[in-house]
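Trainee: Below is a structure I'd like to ask you about.
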Amino acid sequence: MALERLPILELKNLCKTYELKGHRAVDALKAVHLELYPGECLGIVGESGSGKSTLARCITHLERVNSGQIQYRQQDITRLNGKLLRQQRKQIQMVFQEPSAIFNPRMKIGAFIREPLINYKIMKGQKAEQEVLRLLERVGLSAATADKYPHELSGGEQQRAVIARAIGVEPDIILFDEATSALDVSIQQQILDLLVELRKETGISSIFISHDLAVVQQVSDRIAVMYQGEVVEVVESSRLTSSANHPYTRSLMSSVLSVREMRYRMQGQRQKQEREQAEIFQESLSG
Ligand SMILES: Nc1ncnc2c1ncn2[C@@H]1O[C@H](COP(=O)(O)OP(=O)(O)OP(=O)(O)O)[C@@H](O)[C@H]1O
Ligand SMILES: [Mg+2]
């Protein structure tokens with residue numbers, strides 16, 4: 001009999017409420033329960049405001065949950081801070097929608113990818129240099145990219161560099177939050193293909209968040225459908241069309257928000273918030 005696999009990440013009854021002065025409190029997560037298994041890609045889909053990013057931010061401790069538990073390899077990591085949190089961040093990497101938010105405009109791409117290797121004392125010197133070239137190749141970038149500045153790269157190339165930096169520390173889990181949503185359709189497809197390939201090679205578990213069900217379906221084994229802070233359904237990706245029961249899932253299947261609409265919704269305050277949080281997250285890699 002096959003051994004029962006234990007989840008690498010387990011979310012138990014996660015609740016997150018945002019309280020803003022003079023506004024009604026928003027229950028962004030209402031008792032979310034999810035499991036991520038080793039090597040799996042779990043997709044998360046739902047309309048704008050359904051709580052997808054909040055979930056990712058809680059898992060990576062960019063936000064604190066109000067209640068519930070986050071278990072990583074059967075250990076409670078819900079209230080980690082300080083040094084332990086920094087170590088944990090190495091294990092759970094995050095790739096955001098806007099790569100430009102996390103680059104230092106004066107740091108060349110090679111140094112950007114090398115930085116976490118040095119800070120987490122994974123390698124240094126010549127070895128780290130070689131590793132950077134290997135990582136660049138792995139994400140489909142030329143060796144010459146190491147010597148370029150972020151502004152010299154296209155959006156797709158920037159996102160590849162971010163992915164190279166994330167896989168460099170050999171994390172257990174990578175969270176992708178709308179990581180391809182800002183890219184043109186053909187470039188988006190190339191990045192999705194890269195993610196599928198990398199997963200085959202590395203076996204890293206991942207959570208792939210998008211408002212676009214068709215995109216999520218391409219990369220995920222299972223898909224969790226979020227609606228107003230709740231996971232309303234978890235479906236096997238391959239059986240989505242035949243087994244989706246929840247009416248909301250069905251409506252998502254027929255009406256996917258356009259990229260343009262998505263971009264429009266991301267403008268302003270929320271985009272600023274995402275940029276700030278991307279910076280906080282990257283600080284842990286920058287030492
Ligand atoms: N910092 C915050 N302060 C107050 N409310 C917030 C904050 N961040 C998110 N919210 C609210 O929490 C809810 C969930 O937002 P969240 O960003 O998680 O949604 P999302 O599913 O990622 O949406 P999108 O697809 O647009 O990225 C929304 O109602 C949002 O307005
Ligand atoms: Mg979001």
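Going by the structure tokens order, chains are called A, B, ..., each with residues numbered from 1, while ligands are numbered from 1 in the order shown.
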Could you list, as a ChimeraX atom specification, all protein and nucleic acid residues with an atom at most 8 Å from ligand 2, counting only C-alpha atoms and all ligand atoms?

Mentor: /A:48-49,51-54,177-178,209-210

Trainee: Would you mind listing what lies within 10 Å of A:Tyr227 as a ChimeraX atom specification, with only C-alpha atoms counted and same-chain residues fewer than 4 positions away left out?

Mentor: /A:28-30,45-52,231-233,248-249

Trainee: Name the residues of stretch 67-205 of chain A that come out as strand (DSSP E) in a backbone DSSP run; write them as a list of chain:residue names.

Mentor: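 In stretch 67-205 of chain A, DSSP puts these residues in strand (DSSP E): A:Ser67, A:Gly68, A:Gln69, A:Ile70, A:Gln71, A:Tyr72, A:Gln75, A:Asp76, A:Ile92, A:Gln93, A:Met94, A:Val95, A:Ile173, A:Ile174, A:Leu175, A:Phe176, A:Asp177, A:Ser205.
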
Trainee: Between A:Ile163, A:Met107, A:Leu183, A:Ala25, which is the closest to ligand 1 once you count only C-alpha atoms and all ligand atoms?

Mentor: A:Ala25

Trainee: Give me, as a Markdown table, each residue of stretch 203-234 of chain A that comes within 12 Å of stretch 4-20 of chain A, together with its shortest interatomic pair and the distance in Å at one decimal, counting only C-alpha atoms, with rows ordered by chain and rising residue number.

Mentor:
| residue | atom | partner | partner_atom | distance |
| --- | --- | --- | --- | --- |
| A:Ile204 | CA | A:Ile8 | CA | 10.7 |
| A:Ser205 | CA | A:Ile8 | CA | 8.3 |
| A:Ser206 | CA | A:Leu9 | CA | 10.2 |
| A:Ile207 | CA | A:Leu9 | CA | 10.4 |
| A:Gln228 | CA | A:Lys16 | CA | 11.9 |
| A:Gly229 | CA | A:Cys15 | CA | 8.7 |
| A:Glu230 | CA | A:Cys15 | CA | 9.5 |
| A:Val231 | CA | A:Asn13 | CA | 10.7 |

Trainee: Measuring atom to atom with only C-alpha atoms and all ligand atoms, identify which of A:Val225, A:Val196, A:Ile70, A:Leu85 is nearest to ligand 1.

Mentor: A:Val225

Trainee: Check the DSSP output for the backbone and give back, as a VMD selection string, the residues of stretch 12-251 of chain A in helix (DSSP H, G or I).

Mentor: chain A and resid 52 to 59 82 to 91 99 to 101 109 to 119 125 to 138 143 to 147 150 to 152 155 to 168 185 to 202 213 to 219 237 to 243 247 to 251

Trainee: Give me, please, the distance in Å between atom 31 (O, counted along the ligand's line) of ligand 1 and atom CA of A:Cys41, quoted to one decimal.

Mentor: 26.1 Å

Trainee: Atom CA of A:Phe176 and atom CA of A:Gln93 are how many Å apart?

Mentor: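 For atom CA of A:Phe176 relative to atom CA of A:Gln93, the distance reads 8.6 Å.
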
Trainee: Could you pull the residues within 12 Å of stretch 119-124 of chain A, counting only C-alpha atoms, minus those fewer than 4 positions along the same chain, as number ranges by chain?

Mentor: A: 83, 86-91, 111-115, 128-132, 168-171, 282-287
